[in-house]
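Source file: data.txt. Holds: compact mmCIF, C-alpha atoms and all ligand atoms.
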# COMPACT_ATOMS: atom_id res chain seq x y z
CA MET J 1 25.96 89.48 -9.11
CA LEU J 2 23.57 90.47 -6.37
CA SER J 3 24.92 91.46 -3.00
CA ARG J 4 23.52 89.72 0.04
CA ASN J 5 22.80 91.83 3.08
CA SER J 6 20.78 90.97 6.09
CA LEU J 7 18.82 93.54 8.01
CA PRO J 8 20.81 95.52 10.54
CA PRO J 9 20.07 94.83 14.19
CA LYS J 10 16.80 96.13 15.52
CA MET J 11 16.95 99.52 17.16
CA PRO J 12 14.76 101.09 19.84
CA ARG J 13 11.60 102.57 18.42
CA ALA J 14 10.00 105.88 19.24
CA PRO J 15 7.22 104.86 21.63
CA GLN J 16 4.94 107.71 20.62
CA ILE J 17 4.89 106.41 17.02
CA ASP J 18 4.19 102.86 18.18
CA GLY J 19 1.18 104.30 19.96
CA PHE J 20 -0.38 104.93 16.53
CA ILE J 21 -0.07 101.31 15.42
CA PRO J 22 -3.64 99.97 15.24
CA ALA J 23 -4.47 97.74 18.21
CA GLN J 24 -5.81 95.03 15.85
CA LEU J 25 -2.55 94.81 13.89
CA ARG J 26 -1.13 91.35 13.36
CA ARG J 27 2.36 90.50 12.26
CA PHE J 28 3.69 87.88 9.88
CA THR J 29 7.41 87.26 9.51
CA PRO J 30 8.23 85.23 6.40
CA ASP J 31 10.89 82.50 6.54
CA ALA J 32 12.10 83.28 3.06
CA PRO J 33 14.21 86.38 2.45
CA LEU J 34 12.87 89.18 0.27
CA MET J 35 15.08 90.08 -2.67
CA LEU J 36 14.79 93.82 -3.30
CA ALA J 37 14.98 95.39 -6.73
CA SER J 38 18.30 96.90 -5.62
CA GLY J 39 19.80 93.43 -5.15
CA VAL J 40 19.79 93.69 -1.37
CA GLU J 41 18.25 90.69 0.33
CA LEU J 42 16.10 91.32 3.39
CA VAL J 43 16.04 88.48 5.87
CA ALA J 44 12.66 87.88 7.54
CA PRO J 45 11.07 91.29 6.89
CA THR J 46 7.94 91.42 9.04
CA VAL J 47 4.61 92.38 7.45
CA GLY J 48 2.16 94.17 9.73
CA TYR J 49 -1.43 93.74 8.56
CA GLN J 50 -5.08 93.79 9.46
CA SER J 51 -7.86 91.67 8.06
CA TRP J 52 -11.62 91.63 8.32
CA GLY J 53 -14.08 88.90 7.42
CA LYS J 54 -13.24 85.32 6.47
CA LEU J 55 -11.34 83.81 3.57
CA ASN J 56 -13.58 81.25 1.84
CA ALA J 57 -12.58 77.64 1.19
CA THR J 58 -11.48 78.40 -2.37
CA GLY J 59 -9.37 81.36 -1.24
CA ASP J 60 -10.87 83.67 -3.83
CA ASN J 61 -12.89 86.27 -1.93
CA ALA J 62 -10.01 88.53 -0.90
CA VAL J 63 -10.25 92.29 -1.28
CA TRP J 64 -6.82 93.84 -0.90
CA VAL J 65 -6.48 97.50 0.09
CA CYS J 66 -3.18 99.33 -0.35
CA HIS J 67 -2.69 102.38 1.84
CA ALA J 68 -1.26 105.79 0.96
CA LEU J 69 1.97 107.45 2.08
CA THR J 70 1.32 107.97 5.79
CA GLY J 71 -1.65 105.67 6.10
CA THR J 72 -2.13 102.80 8.52
CA THR J 73 -3.63 99.34 8.03
CA ASP J 74 -6.86 100.47 9.66
CA VAL J 75 -8.90 100.91 6.47
CA GLU J 76 -12.10 100.92 8.46
CA SER J 77 -11.06 104.19 10.12
CA TRP J 78 -9.73 106.06 7.08
CA TRP J 79 -12.14 104.81 4.39
CA PRO J 80 -15.37 104.53 6.40
CA ALA J 81 -17.50 105.48 3.39
CA LEU J 82 -16.35 102.31 1.61
CA PHE J 83 -16.37 99.99 4.57
CA GLY J 84 -19.19 97.96 6.09
CA ALA J 85 -22.00 95.51 5.34
CA GLY J 86 -23.51 96.23 1.93
CA LYS J 87 -20.67 98.54 0.90
CA ALA J 88 -17.77 97.92 -1.47
CA LEU J 89 -15.53 96.74 1.36
CA ASP J 90 -17.93 94.31 2.98
CA PRO J 91 -16.43 92.11 5.69
CA THR J 92 -19.63 90.06 5.93
CA ARG J 93 -19.02 88.87 2.35
CA ASP J 94 -15.30 89.23 1.66
CA PHE J 95 -11.92 88.81 3.28
CA ILE J 96 -10.46 92.31 3.42
CA VAL J 97 -6.74 92.76 3.95
CA CYS J 98 -4.51 95.80 4.33
CA ALA J 99 -0.77 95.49 4.96
CA ASN J 100 1.54 98.21 6.21
CA VAL J 101 4.02 98.95 3.44
CA LEU J 102 7.59 97.76 3.60
CA GLY J 103 9.61 100.73 4.86
CA GLY J 104 6.62 102.10 6.77
CA CYS J 105 6.39 102.59 10.53
CA TYR J 106 3.05 101.00 11.40
CA GLY J 107 4.00 97.37 11.89
CA SER J 108 6.13 96.34 8.91
CA ALA J 109 9.90 96.20 8.66
CA GLY J 110 11.40 99.60 7.94
CA PRO J 111 13.92 102.11 9.21
CA HIS J 112 11.75 102.72 12.25
CA THR J 113 12.37 99.16 13.42
CA HIS J 114 15.75 98.52 11.83
CA GLY J 115 17.56 101.85 11.77
CA ALA J 116 19.09 104.17 9.21
CA ASP J 117 20.81 101.35 7.32
CA PHE J 118 17.48 99.96 6.22
CA PRO J 119 17.83 99.90 2.42
CA GLU J 120 16.03 102.00 -0.15
CA ILE J 121 12.91 100.23 -1.33
CA THR J 122 10.63 100.39 -4.36
CA ILE J 123 6.90 100.02 -4.95
CA SER J 124 7.70 96.66 -6.55
CA ASP J 125 9.45 95.55 -3.34
CA MET J 126 6.40 96.58 -1.29
CA VAL J 127 4.20 94.43 -3.49
CA ARG J 128 6.38 91.33 -3.27
CA HIS J 129 6.54 91.84 0.51
CA GLN J 130 2.71 91.81 0.58
CA HIS J 131 2.56 88.84 -1.79
CA ALA J 132 4.38 86.75 0.82
CA LEU J 133 1.58 87.65 3.22
CA ALA J 134 -1.06 86.69 0.67
CA LEU J 135 0.54 83.26 0.29
CA TYR J 136 0.73 82.84 4.04
CA LEU J 137 -2.95 83.74 4.43
CA GLY J 138 -3.96 81.24 1.73
CA VAL J 139 -5.24 83.89 -0.69
CA LYS J 140 -5.54 82.38 -4.18
CA LYS J 141 -7.38 85.19 -5.95
CA ILE J 142 -7.85 88.83 -5.11
CA LYS J 143 -11.30 89.72 -6.38
CA LEU J 144 -10.60 93.43 -5.97
CA MET J 145 -7.24 95.13 -5.59
CA LEU J 146 -7.52 98.83 -4.81
CA GLY J 147 -5.69 101.86 -3.55
CA GLY J 148 -5.55 105.63 -3.68
CA SER J 149 -2.47 107.78 -4.27
CA MET J 150 0.59 105.66 -3.33
CA GLY J 151 -1.91 102.85 -2.68
CA GLY J 152 -2.80 103.08 -6.37
CA PHE J 153 0.85 102.66 -7.32
CA GLN J 154 0.96 99.42 -5.32
CA ALA J 155 -2.37 98.19 -6.66
CA LEU J 156 -1.25 98.68 -10.26
CA GLU J 157 2.10 97.04 -9.57
CA TRP J 158 0.31 94.10 -7.93
CA ALA J 159 -1.78 93.55 -11.06
CA LEU J 160 1.29 93.72 -13.29
CA GLN J 161 3.41 91.39 -11.17
CA PHE J 162 0.68 88.92 -10.26
CA PRO J 163 -1.82 88.92 -13.13
CA GLY J 164 -3.08 85.46 -12.22
CA ILE J 165 -4.11 86.58 -8.76
CA VAL J 166 -5.59 90.06 -9.24
CA GLN J 167 -9.09 89.82 -10.74
CA ARG J 168 -10.25 93.44 -10.66
CA LEU J 169 -8.41 96.69 -10.14
CA ALA J 170 -9.47 100.08 -8.77
CA LEU J 171 -7.03 102.95 -9.06
CA ILE J 172 -8.02 106.15 -7.30
CA SER J 173 -6.39 109.61 -7.47
CA THR J 174 -3.23 108.06 -8.79
CA SER J 175 -1.14 107.53 -11.90
CA TYR J 176 0.92 104.86 -13.60
CA ARG J 177 4.06 106.77 -12.70
CA GLN J 178 5.00 109.59 -10.38
CA PRO J 179 4.36 112.81 -12.34
CA ALA J 180 7.07 115.49 -12.57
CA GLN J 181 5.30 117.98 -10.31
CA ALA J 182 4.81 115.32 -7.64
CA ILE J 183 8.50 114.40 -7.84
CA ALA J 184 9.41 118.06 -7.32
CA LEU J 185 7.06 118.51 -4.37
CA SER J 186 8.22 115.28 -2.80
CA SER J 187 11.89 116.15 -3.28
CA LEU J 188 11.35 119.50 -1.57
CA GLN J 189 9.85 117.62 1.36
CA CYS J 190 12.80 115.23 1.53
CA ALA J 191 15.20 118.19 1.47
CA GLN J 192 13.47 119.73 4.50
CA ILE J 193 14.14 116.58 6.51
CA GLU J 194 17.69 116.07 5.32
CA ARG J 195 18.63 119.67 6.09
CA ASP J 196 17.38 119.52 9.64
CA PRO J 197 20.52 119.51 11.87
CA LYS J 198 18.93 116.72 13.89
CA PHE J 199 18.70 114.43 10.86
CA LEU J 200 22.31 113.25 11.33
CA ASN J 201 22.27 111.32 8.08
CA GLY J 202 19.34 109.32 9.39
CA ARG J 203 21.12 108.23 12.57
CA TYR J 204 19.02 110.28 14.95
CA ALA J 205 17.89 108.96 18.31
CA PRO J 206 14.22 107.89 18.15
CA GLU J 207 13.22 110.49 20.75
CA ASN J 208 15.28 113.29 19.19
CA GLY J 209 14.60 113.12 15.45
CA PRO J 210 14.42 115.85 12.78
CA ILE J 211 10.93 116.95 13.73
CA ASP J 212 11.27 120.50 12.39
CA GLY J 213 12.21 119.16 8.97
CA LEU J 214 9.50 116.52 9.05
CA ASN J 215 6.98 119.13 10.16
CA LEU J 216 7.81 121.40 7.21
CA ALA J 217 7.80 118.43 4.86
CA ARG J 218 4.28 117.51 5.97
CA GLN J 219 3.13 121.11 5.57
CA ILE J 220 4.30 121.10 1.95
CA GLY J 221 2.72 117.70 1.48
CA HIS J 222 -0.53 118.69 3.13
CA LEU J 223 -0.77 121.82 0.99
CA SER J 224 -0.52 119.60 -2.07
CA TYR J 225 -3.31 117.37 -0.71
CA ARG J 226 -5.80 120.23 -0.60
CA CYS J 227 -6.68 122.92 -3.13
CA GLY J 228 -6.59 126.69 -3.42
CA ALA J 229 -10.33 127.24 -3.76
CA GLU J 230 -10.99 125.27 -0.58
CA LEU J 231 -8.30 127.13 1.38
CA ASP J 232 -9.71 130.46 0.18
CA ALA J 233 -13.21 129.44 1.18
CA ARG J 234 -12.09 128.21 4.60
CA PHE J 235 -9.46 130.75 5.59
CA ASP J 236 -9.44 133.56 3.06
CA ARG J 237 -6.94 136.06 4.55
CA ALA J 238 -8.02 135.61 8.15
CA GLN J 239 -5.36 136.16 10.82
CA ASP J 240 -5.23 135.41 14.52
CA GLU J 241 -4.62 138.07 17.17
CA SER J 242 -0.85 137.79 16.68
CA GLY J 243 -1.18 138.44 12.94
CA GLU J 244 -0.50 134.84 11.90
CA PHE J 245 -2.52 133.78 8.87
CA GLU J 246 -5.05 131.10 9.75
CA VAL J 247 -4.04 129.05 6.72
CA ASN J 248 -0.52 128.88 8.16
CA ARG J 249 -1.84 127.91 11.56
CA TYR J 250 -3.81 125.15 9.89
CA LEU J 251 -0.76 123.79 8.05
CA ALA J 252 1.38 124.03 11.20
CA HIS J 253 -1.27 122.02 13.01
CA GLN J 254 -1.09 119.32 10.34
CA GLY J 255 2.73 119.31 10.56
CA ASN J 256 2.63 119.06 14.35
CA LYS J 257 0.23 116.15 14.16
CA LEU J 258 2.37 114.16 11.76
CA VAL J 259 5.64 114.48 13.68
CA ARG J 260 3.98 112.77 16.63
CA ARG J 261 2.97 109.77 14.55
CA PHE J 262 5.51 109.24 11.78
CA ASP J 263 9.19 108.45 11.39
CA ALA J 264 11.38 110.74 9.27
CA ASN J 265 13.45 107.93 7.74
CA SER J 266 10.25 106.12 6.76
CA TYR J 267 8.94 109.32 5.22
CA LEU J 268 12.10 109.57 3.12
CA ARG J 269 12.09 105.91 2.03
CA LEU J 270 8.45 106.04 0.96
CA ASN J 271 8.79 109.36 -0.85
CA ARG J 272 11.79 108.10 -2.79
CA ALA J 273 9.94 104.89 -3.65
CA MET J 274 7.08 106.98 -5.03
CA ASN J 275 9.43 109.19 -7.01
CA ALA J 276 11.13 106.18 -8.57
CA PHE J 277 7.82 104.59 -9.54
CA ASP J 278 7.06 104.04 -13.20
CA ALA J 279 4.90 100.98 -13.79
CA CYS J 280 6.07 100.80 -17.39
CA ALA J 281 9.81 100.91 -16.69
CA GLY J 282 11.34 97.74 -18.07
CA ARG J 283 7.96 96.62 -19.42
CA GLY J 284 7.88 98.50 -22.72
CA GLU J 285 5.80 101.36 -24.07
CA PRO J 286 2.89 102.30 -21.75
CA ARG J 287 0.34 101.09 -24.29
CA PHE J 288 2.01 97.70 -24.34
CA ALA J 289 2.97 97.53 -20.66
CA LEU J 290 -0.49 98.39 -19.37
CA GLY J 291 -2.37 96.99 -22.35
CA ARG J 292 -1.79 93.46 -21.14
CA LEU J 293 -3.91 94.05 -18.03
CA ASN J 294 -6.93 92.19 -19.30
CA ILE J 295 -9.00 92.61 -16.16
CA PRO J 296 -11.91 94.90 -15.36
CA ALA J 297 -10.63 98.13 -13.89
CA LEU J 298 -12.01 101.35 -12.47
CA VAL J 299 -10.05 104.59 -12.54
CA VAL J 300 -11.31 107.39 -10.29
CA ALA J 301 -10.38 111.05 -10.59
CA VAL J 302 -11.12 113.87 -8.13
CA ASP J 303 -11.81 117.05 -10.06
CA SER J 304 -9.92 119.40 -7.67
CA ASP J 305 -6.85 117.17 -7.26
CA TRP J 306 -3.75 118.99 -8.54
CA LEU J 307 -1.20 116.52 -7.12
CA TYR J 308 -2.50 113.64 -9.26
CA PRO J 309 -4.71 115.70 -11.56
CA PRO J 310 -7.58 114.22 -13.62
CA SER J 311 -5.38 114.29 -16.73
CA GLU J 312 -3.28 111.54 -15.11
CA GLN J 313 -6.28 109.28 -14.58
CA ALA J 314 -7.57 109.99 -18.09
CA ARG J 315 -4.25 108.80 -19.50
CA LEU J 316 -4.17 105.79 -17.19
CA ALA J 317 -7.71 104.76 -18.08
CA ALA J 318 -6.97 105.11 -21.78
CA LEU J 319 -4.01 102.77 -21.44
CA LEU J 320 -5.95 100.05 -19.62
CA PRO J 321 -7.97 97.85 -22.00
CA HIS J 322 -11.01 97.37 -19.74
CA ALA J 323 -11.20 100.46 -17.58
CA ALA J 324 -14.23 102.48 -16.60
CA HIS J 325 -13.25 106.04 -15.79
CA ILE J 326 -15.18 108.31 -13.47
CA SER J 327 -14.57 111.74 -12.04
CA ILE J 328 -16.06 112.87 -8.75
CA HIS J 329 -16.55 116.41 -7.58
CA SER J 330 -14.81 117.34 -4.36
CA ASN J 331 -13.62 120.62 -2.87
CA ALA J 332 -10.87 118.83 -0.97
CA GLY J 333 -8.25 118.35 -3.72
CA HIS J 334 -6.25 115.11 -3.46
CA ASP J 335 -7.78 114.46 -0.02
CA GLY J 336 -11.09 114.06 -1.85
CA PHE J 337 -10.18 110.39 -2.37
CA LEU J 338 -10.57 109.98 1.40
CA LEU J 339 -13.13 112.62 2.33
CA ASP J 340 -15.54 112.13 -0.58
CA ALA J 341 -15.13 108.39 -1.09
CA ALA J 342 -18.91 107.94 -0.76
CA LEU J 343 -19.17 109.40 -4.27
CA PHE J 344 -17.24 106.56 -5.89
CA GLU J 345 -18.36 103.75 -3.56
CA PRO J 346 -21.23 102.73 -5.91
CA ALA J 347 -18.78 102.49 -8.80
CA LEU J 348 -16.53 100.20 -6.77
CA ARG J 349 -19.51 98.01 -5.92
CA ALA J 350 -20.48 97.92 -9.57
CA LEU J 351 -16.93 96.87 -10.48
CA LEU J 352 -17.21 94.01 -8.01
CA HIS J 353 -20.50 93.00 -9.61
CA GLY J 354 -19.07 93.26 -13.10
CA ASP J 355 -20.77 96.46 -14.18
CA ALA J 356 -18.39 99.37 -13.65
CA HIS J 357 -19.42 101.11 -16.87
CA GLN J 358 -22.97 101.27 -15.58
CA ALA J 359 -21.69 102.95 -12.42
CA ASN J 360 -19.80 105.35 -14.63
CA MET J 361 -23.07 106.45 -16.20
CA ARG J 362 -24.78 106.89 -12.86
CA VAL J 363 -21.98 109.02 -11.38
CA ALA J 364 -21.76 111.12 -14.52
CA GLN J 365 -25.48 111.79 -14.39
CA GLY J 366 -25.17 112.76 -10.74
N1 LIG Q 401 -5.62 126.70 12.89
C1 LIG Q 401 -5.18 125.54 13.44
N2 LIG Q 401 -5.75 124.32 13.27
C2 LIG Q 401 -6.84 124.29 12.49
C3 LIG Q 401 -7.36 125.45 11.87
C4 LIG Q 401 -6.70 126.68 12.11
N3 LIG Q 401 -7.14 127.84 11.58
N4 LIG Q 401 -8.44 125.08 11.15
C5 LIG Q 401 -8.60 123.74 11.31
N5 LIG Q 401 -7.63 123.27 12.11
C6 LIG Q 401 -7.45 121.90 12.58
C7 LIG Q 401 -8.72 121.39 13.25
O1 LIG Q 401 -8.78 121.82 14.60
C8 LIG Q 401 -8.54 119.90 13.13
O2 LIG Q 401 -7.66 119.45 14.11
P1 LIG Q 401 -7.67 117.90 14.61
O3 LIG Q 401 -7.49 117.05 13.36
O4 LIG Q 401 -6.49 117.82 15.51
O5 LIG Q 401 -8.98 117.67 15.27
C9 LIG Q 401 -7.83 119.77 11.78
O6 LIG Q 401 -7.28 121.06 11.47
C10 LIG Q 401 -8.81 119.37 10.70
O7 LIG Q 401 -8.10 119.16 9.53
P2 LIG Q 401 -8.82 119.16 8.13
O8 LIG Q 401 -7.78 118.98 7.11
O9 LIG Q 401 -9.70 120.34 8.02
O10 LIG Q 401 -9.76 117.88 8.26
P3 LIG Q 401 -10.53 117.20 7.09
O11 LIG Q 401 -11.65 116.46 7.74
O12 LIG Q 401 -10.84 118.13 5.99
O13 LIG Q 401 -9.46 116.13 6.53
C11 LIG Q 401 -7.84 114.41 6.78
C12 LIG Q 401 -9.09 115.03 7.33
C13 LIG Q 401 -7.43 113.30 7.76
C14 LIG Q 401 -8.12 113.79 5.40
C15 LIG Q 401 -6.73 115.47 6.62
O14 LIG Q 401 -6.62 116.24 7.79
C16 LIG Q 401 -5.38 114.85 6.39
O15 LIG Q 401 -4.68 114.41 7.28
N6 LIG Q 401 -5.01 114.82 5.11
C17 LIG Q 401 -3.81 114.14 4.68
C18 LIG Q 401 -4.14 112.74 4.39
C19 LIG Q 401 -2.95 112.06 3.79
O16 LIG Q 401 -2.00 111.75 4.46
N7 LIG Q 401 -3.00 111.85 2.53
C20 LIG Q 401 -1.86 111.22 1.89
C21 LIG Q 401 -2.14 111.24 0.50
S1 LIG Q 401 -0.69 110.69 -0.35

What would the structure in this file look like if it were written as structure tokens?
Ligand code: COA
Amino acid sequence: MLSRNSLPPKMPRAPQIDGFIPAQLRRFTPDAPLMLASGVELVAPTVGYQSWGKLNATGDNAVWVCHALTGTTDVESWWPALFGAGKALDPTRDFIVCANVLGGCYGSAGPHTHGADFPEITISDMVRHQHALALYLGVKKIKLMLGGSMGGFQALEWALQFPGIVQRLALISTSYRQPAQAIALSSLQCAQIERDPKFLNGRYAPENGPIDGLNLARQIGHLSYRCGAELDARFDRAQDESGEFEVNRYLAHQGNKLVRRFDANSYLRLNRAMNAFDACAGRGEPRFALGRLNIPALVVAVDSDWLYPPSEQARLAALLPHAAHISIHSNAGHDGFLLDAALFEPALRALLHGDAHQANMRVAQG
């Protein structure tokens, strides 16, 4: 028997976080409830989203972008190398959509809008939440479904849940399940937040949240998004006049930036959703579960990524029946999927034009 719960009453939101919601964001609130994997039913969970370009009459020119952990819907700003006329994400040709994830704090329903009682969510829930938006928009086929990191989790889950809709799949700096090291790093981040005396079991006032814990969590996270060689090259052992290591000042800066723009409860919900993710759970052996994805796919690795290392993408690509697999060189670690996206943009375009293996050759030959 499934329990039926409606969302708790809306609570006041931290205005400084709302200030980071993209100005072009639109909101869709479905009439139908969303049944979560946990059995909790969410009544009218709003989807915040952005779109670019026009959906064609047959509803089959959609390109759906799934964002990463603390990302927004504004793909144009965080993936500029992919975005624009003539590029893989081309709003003059396609209808490009990005939805804020369920549980996030940039326009969709989550603890930021509905308080600490907002339920735990899964990657599968996020996808079904977005599917309601796709139906509302009239999307019949998604010609390319893509995402990096947590966006890759959603993209893969989309293809598994809605095989008739997703036509091509691009999975970047990601895996088919959260790897053990990533679980450990994420759990350490969650612990920093939960141990902050201001966390109050999630019932903090919006203007007085656990920012020290969230700050430390982001510093751990950010460290895992970069790589040792890059940090050595940039900071070596340099110290400021007070003796503070520059690398620590850099991480503190990243922590300080995040606490101004993100909600701690959201951070926890999304981290736990990532940790629980295993695309094969309940679907059989990986070879069987992923082997049924009979669509062209592209799997992209970043050579310096140690959070979702290239071994993860090699395994993922081997499990997908029609996947091209490329590796790009970046000094930026996991952040290479954002900062060096220009290096895999041609491969994405080739996937759209049905020739990802050709792109593979070109990238490999440099
Ligand atoms: N002391 C203090 N601050 C320093 C510093 C130092 N020694 N050295 C650099 N900085 C600051 C810069 O002043 C700059 O500040 P600003 O962003 O406020 O202008 C900032 O650090 C630059 O950060 P950096 O990481 O070097 O930028 P980048 O261009 O290499 O990367 C991002 C940009 C957005 C990708 C990266 O900063 C980021 O946020 N990464 C995380 C992305 C993410 O959430 N990924 C999720 C994956 S799951």

Which residues of chain J come within 9 Å of ligand LIG 401 (chain Q), and for each one, what is the closest pair of atoms and their distance in Å to one decimal, counting only C-alpha atoms and all ligand atoms, sorted by chain and residue number, as CSV?
residue,atom,partner,partner_atom,distance
J:His67,CA,Q:LIG401,S1,8.8
J:Ala68,CA,Q:LIG401,S1,5.1
J:Leu69,CA,Q:LIG401,S1,4.8
J:Thr70,CA,Q:LIG401,O16,5.2
J:Gly71,CA,Q:LIG401,O16,6.3
J:Trp78,CA,Q:LIG401,C13,7.6
J:Gly148,CA,Q:LIG401,S1,7.8
J:Ser149,CA,Q:LIG401,S1,5.2
J:Met150,CA,Q:LIG401,S1,6.0
J:Gly151,CA,Q:LIG401,S1,8.3
J:Arg218,CA,Q:LIG401,O16,8.7
J:Gly221,CA,Q:LIG401,C20,7.9
J:His222,CA,Q:LIG401,C17,5.8
J:Ser224,CA,Q:LIG401,C21,8.9
J:Tyr225,CA,Q:LIG401,C17,6.3
J:Arg226,CA,Q:LIG401,N6,7.9
J:Arg234,CA,Q:LIG401,N4,8.1
J:Phe235,CA,Q:LIG401,N3,7.1
J:Ala238,CA,Q:LIG401,N3,8.5
J:Gln239,CA,Q:LIG401,N3,8.5
J:Asp240,CA,Q:LIG401,N3,8.3
J:Phe245,CA,Q:LIG401,N3,8.0
J:Glu246,CA,Q:LIG401,N3,4.3
J:Val247,CA,Q:LIG401,N3,5.9
J:Asn248,CA,Q:LIG401,N1,7.3
J:Arg249,CA,Q:LIG401,N1,4.2
J:Tyr250,CA,Q:LIG401,C1,3.8
J:Leu251,CA,Q:LIG401,C1,7.2
J:Ala252,CA,Q:LIG401,C1,7.1
J:His253,CA,Q:LIG401,N2,5.0
J:Gln254,CA,Q:LIG401,O6,6.5
J:Lys257,CA,Q:LIG401,O4,7.1
J:Leu258,CA,Q:LIG401,O15,8.4
J:Leu307,CA,Q:LIG401,S1,8.9
J:Ala332,CA,Q:LIG401,O12,7.0
J:His334,CA,Q:LIG401,C21,6.9
J:Asp335,CA,Q:LIG401,C14,5.5
J:Gly336,CA,Q:LIG401,C14,7.8
J:Phe337,CA,Q:LIG401,C21,8.6
J:Leu338,CA,Q:LIG401,C14,6.0
J:Leu339,CA,Q:LIG401,C14,6.0

In Å, how far is it from CA of Asn271 in chain J to CA of Phe118 in chain J?
-> 14.6 Å

Write out as a ChimeraX atom specification each polymer residue whose atoms come within 8 Å of Arg177 in chain J, counting all atoms listed in the file; drop sequence neighbours fewer than 5 positions from it.
-> /J:153,277-280

CA of Leu270 in chain J to CA of Thr113 in chain J: how many Å, to one decimal?
->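 For CA of Leu270 in chain J relative to CA of Thr113 in chain J, the distance reads 14.8 Å.
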
Rounded to one decimal in Å, what is the spacing between CA of Leu160 in chain J and CA of Leu293 in chain J?
->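 Here the two named atoms are 7.0 Å from each other.
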
Pick the closest to Pro111 in chain J from J:Asn208, J:Gln161, J:Ser266, J:Thr29: which is it, counting only C-alpha atoms?
->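 Closest to Pro111 in chain J, using only C-alpha atoms: J:Ser266.
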
Do you know which residues are at most 7 Å from Pro91 in chain J counting only C-alpha atoms, after dropping those on the same chain fewer than 6 positions away, and could you put them as a ChimeraX atom specification?
-> /J:52-53,84-85

Near-Asn56 in chain J list (10 Å; only C-alpha atoms; drop same-chain fewer than 6 positions) as a list of chain:residue names |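 Neighbouring residues, sequence-local ones excluded: J:Ala62, J:Arg93, J:Asp94, J:Phe95, J:Gly138, J:Val139.
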
Between J:Glu312, J:Met35, J:Ile21, J:Pro346, which has the minimum distance to Pro179 in chain J (counting only C-alpha atoms)?
->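 Of J:Glu312, J:Met35, J:Ile21, J:Pro346, the one nearest Pro179 in chain J, counting only C-alpha atoms, is J:Glu312.
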
So which residues fall inside 7 Å of (14.6, 101.3, -1.7) if we count all atoms listed in the file? Mind giving them as a short mmCIF file (atom, residue, chain, number, x, y, z; two decimals) with C-alpha atoms, keeping the file's coordinate frame?
data_model
loop_
_atom_site.label_atom_id
_atom_site.label_comp_id
_atom_site.auth_asym_id
_atom_site.auth_seq_id
_atom_site.Cartn_x
_atom_site.Cartn_y
_atom_site.Cartn_z
CA SER J 38 18.30 96.90 -5.62
CA PRO J 119 17.83 99.90 2.42
CA GLU J 120 16.03 102.00 -0.15
CA ILE J 121 12.91 100.23 -1.33
CA THR J 122 10.63 100.39 -4.36
CA ARG J 269 12.09 105.91 2.03
CA ALA J 273 9.94 104.89 -3.65
#

Of the candidates J:Arg203, J:Lys141, J:Lys87, J:Arg26, which one gets nearest to Ala342 in chain J if we count all atoms listed in the file?
->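 Ranked by minimum distance to Ala342 in chain J, first place goes to J:Lys87.
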
Got a sec: who's within 6 Å of Leu169 in chain J, counting all atoms listed in the file, leaving out chain neighbours fewer than 6 positions off, as a count of residues only?
-> 4

Within 9 Å of range 315-319 of chain J, which residues of range 123-232 of chain J show up? Give each one with its shortest atom-to-atom distance in Å (one decimal) and the two atoms involved, counting all atoms listed in the file, rows by chain then rising residue number, as JSON lines.
{"residue": "J:Thr174", "atom": "CA", "partner": "J:Leu316", "partner_atom": "CA", "distance": 8.8}
{"residue": "J:Ser175", "atom": "CA", "partner": "J:Leu316", "partner_atom": "CA", "distance": 6.3}
{"residue": "J:Tyr176", "atom": "CA", "partner": "J:Leu316", "partner_atom": "CA", "distance": 6.3}

Restricting the calculation to all atoms listed in the file, which member of J:Asp117, J:Gly147, J:Asn294, J:Leu137 is positioned closest to Ser173 in chain J?
-> J:Gly147

Pick from J:Gln313, J:Thr46, J:Thr73, J:Ser304: nearest to Gly103 in chain J, with only C-alpha atoms counted?
-> J:Thr46

J:Ala341, J:Ala170, J:Leu348, J:Ala180 ranked by distance to Trp79 in chain J, top pick (using all atoms listed in the file) |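 Of J:Ala341, J:Ala170, J:Leu348, J:Ala180, the one nearest Trp79 in chain J is J:Ala341, counting all atoms listed in the file.
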